[in-house]
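First comes the structure, then the notes that go with it.
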Amino acid sequence: MNYKMVGRFMFLIIITEAIFMVPAWLISLVSGEDASASAFAITIVGAMVVGLLGLMWCRKAERHFYAREGLVSAGLGWIVMSLVGCIPFMLSGEIPTFIDAFFETVSGFTTTGASILTDVEAMSKGMLYWRSFTHWLGGMGVMVFLLAVVPASSKGSGFTMHLLRAESPGPNVGKLVPRMRQTATILYMLYVALTFLCFIFLLIGKMDPFEAICTAYGTAGTGGFGVKNDSLAGYSVYIQNVCTVFMLLFGVNFTCYYLLLLGRVRDVLKDEELRLYLGLIISSVVLISINTRHMFDSLGQTVQQVAFQVATIITTTGYATTDFDLWPTFSKAIIIILMFCGASAGSTGGGFKCGRVLLLFKNLRRNMQKTLNPQKVLVVRNNGQMVSEKVLDNLNTYLIAYVLITIFSFLLLCLDGKSLTTTMTAVIACFNNIGPGLDGVGPTCNYHLFSGMSKVILIFDMLAGRLEIFPIMVLLSKNTWKKLG
C-alpha cells in the first residue's frame, strides 16, 4: 500500500473542499449571518492548514498506484470529505449533533437527499448553499474533479484509471478519449454546461437567483435537497417541468452527450441502455397516470405530476411536488421498482443502474439458452459489442453484495421498531441514493425519527450505494490492511 500517495489525495480533497466553501462563507457574510460565517471561516482556515501541511509531508510520495490504492482512496476520500463538510453545520449550531450533521453531509455528497431537518427554511443562506452544493460536487465525483484540474507527472500515468473506476458509477468504466485525464475534463465540462443551462431556464421562470442556483445544484447532482419545506411543490408548473426535463437529462449516460457533440447521433439512438431508460420512464408515466387519474383535476395535471415523480425517483433525485405515499398500491409498487432500477451508468443518478439491469437480463437469457444447447458457444453483447466474462462475473458479485447489504441493513433497522414499510423503503432509498421512501420516510417526512445506530447504518448504505459498494467494502476487509505498514 502506498501510504503517502493515498494521503496526498486525502489532503488534496481537504484543500479542494476548503476552496469550495468560500462562496458559502461569502454568502453568509453578505447576508449578515455571523454564526455561519464564523463556522465557515474556521473550517476553511483549519482545512487549508491541515491540507497544506499534509501535502508537504507527502511531497516525496512514490508514484506507483494500483487498484487497491484507487479503491482505498475513493472510500477514504468520501469519508474524509463528509467529515470536513459537516464541521460548519456543527460549529454554527444549525445541526449541533455530530451524527445528524454527518448524516446530512453524507446524504448531500452521495446525492441521496435524505434529511434529518424538520425545518429547512430556518437554516441560514450560507448553510443552505453549502448543503445544496454538496450535491453538485458529489454528483460527478470529487476524484473526477481532481483528475480534471490537478496536474500529474508522467510517472503517475495509470493511476487515473484506477481512481476513475473506483468512483464512477456503472458496470464498466471506459474512456471517452485515449487519456483518462481528458475524459475527466470532458465529463466536468459537460456537467458544468448542463448545470448552467438548467440555472438559466429556472431564472427564465422568474425563480429567485439564490433558489435557482441551489435547485440547479440539486437537479444536476440528482440530489434533491430543496430550500423550501415543501421541496418544489410551491413552485410554478413551468419550474417543475424544467426540473423534470433536466433530472431526466442528468440521468442519461454522459457518454451519449459526448457522442452527440461528435455528431454520432445514430450511435446514441442505438444505445440499448438509453432505450431501456426511456422505455421505463414512458411506461411508468402511462401506467401510473391511468392508476392515479382520479386523484387530479385534469389529465394534463395528472401526466405532469406523475412525470415529475417518475423522473425524480428513477434518477434518484428525490425532489417532490406531491405526496406519492397516498397513491394506490399499484403506483407505489412501480415507484419501488424504479427505486431499484435507478438511472443510467455514467450519469449522476444512483440505483442499481439500467446498464446492470440490461446485462442481468441478457446474461439470464444466455444461460437459459446454454441449458438447452450445452455445446453451443454463446456470448452476451451490448450495443453490438461482446461483454467480457470478467464484467459479467463482477456484475454477479455486485448483485450478491447488493442483496446482502440490503437484507442486513433492513434487519438492523428493524431494531428501531418502525413499520416494515418505513424500514424497508428507508434502506432502499438510502442505499440507492434516492432520499424519500414511503410511510415514515415519505415525501412529507424525514429521517430524524431514527436512532443514532440506525443513522450510522444508513450512512454506510449511502456511501456504499454511491461508490458502487466495493471501495467501502475494501476498507472493511482485513486483507486490505494486513499489508499496511
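Identifiers in this document derive from the order of the C-alpha cells: chains are assigned A, B, ..., residues are numbered from 1 separately in each chain, and ligands are numbered from 1 in order of occurrence.
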Shell around A:Ala114 at 8 Å using only C-alpha atoms, local window under 4 positions removed, as a ChimeraX atom specification: /A:104,107,225,430,434-436,446-447
Resulting file, chosen residues, C-alpha atoms, as a PDB file, in the first residue's frame:
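Result file again20.pdb:
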```
ATOM      1  CA  GLU A 104     -26.875  15.306   6.386  1.00  0.00           C
ATOM      2  CA  SER A 107     -26.590  12.470   2.221  1.00  0.00           C
ATOM      3  CA  PHE A 225     -32.066  18.911  -1.168  1.00  0.00           C
ATOM      4  CA  CYS A 430     -30.555   5.442   1.150  1.00  0.00           C
ATOM      5  CA  ILE A 434     -32.877   8.425  -3.613  1.00  0.00           C
ATOM      6  CA  GLY A 435     -33.908  10.188  -0.393  1.00  0.00           C
ATOM      7  CA  PRO A 436     -37.649   9.837   0.199  1.00  0.00           C
ATOM      8  CA  ASN A 446     -37.718  12.810   7.011  1.00  0.00           C
ATOM      9  CA  TYR A 447     -35.145  10.657   8.802  1.00  0.00           C
TER      10      TYR A 447
END
```
For A:Cys198: contacts at 10 Å, only C-alpha atoms, fewer than 4 positions along chain excluded, given as a list in words: Val192, Ala193, Leu194, Leu202, Leu203, Ile204, Ala212, Ile213, Thr215, Ala216, Tyr217, Thr219, Ala220, Val242, Cys243, Val245, Phe246 and Met247 of chain A
Nearest to A:Leu71 by atom-to-atom distance, counting only C-alpha atoms, from A:Met189, A:Leu449, A:Cys256, A:Val6: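 Smallest distance to A:Leu71 is found for A:Val6.
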10 Å contact set for A:Tyr402, only C-alpha atoms, chain neighbours under 5 positions out, as number ranges by chain: A: 352, 396-397, 407, 431-432, 464-465, 468-469
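For the set A:Ile459, A:Met386, A:Met295, A:Leu187, the residue with the smallest atom-to-atom gap to A:Leu326 is A:Met295, counting only C-alpha atoms.
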Å distance separating atom CA of A:Leu399 from atom CA of A:Val474, one decimal place: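 According to the coordinates, atom CA of A:Leu399 and atom CA of A:Val474 are separated by 16.3 Å.
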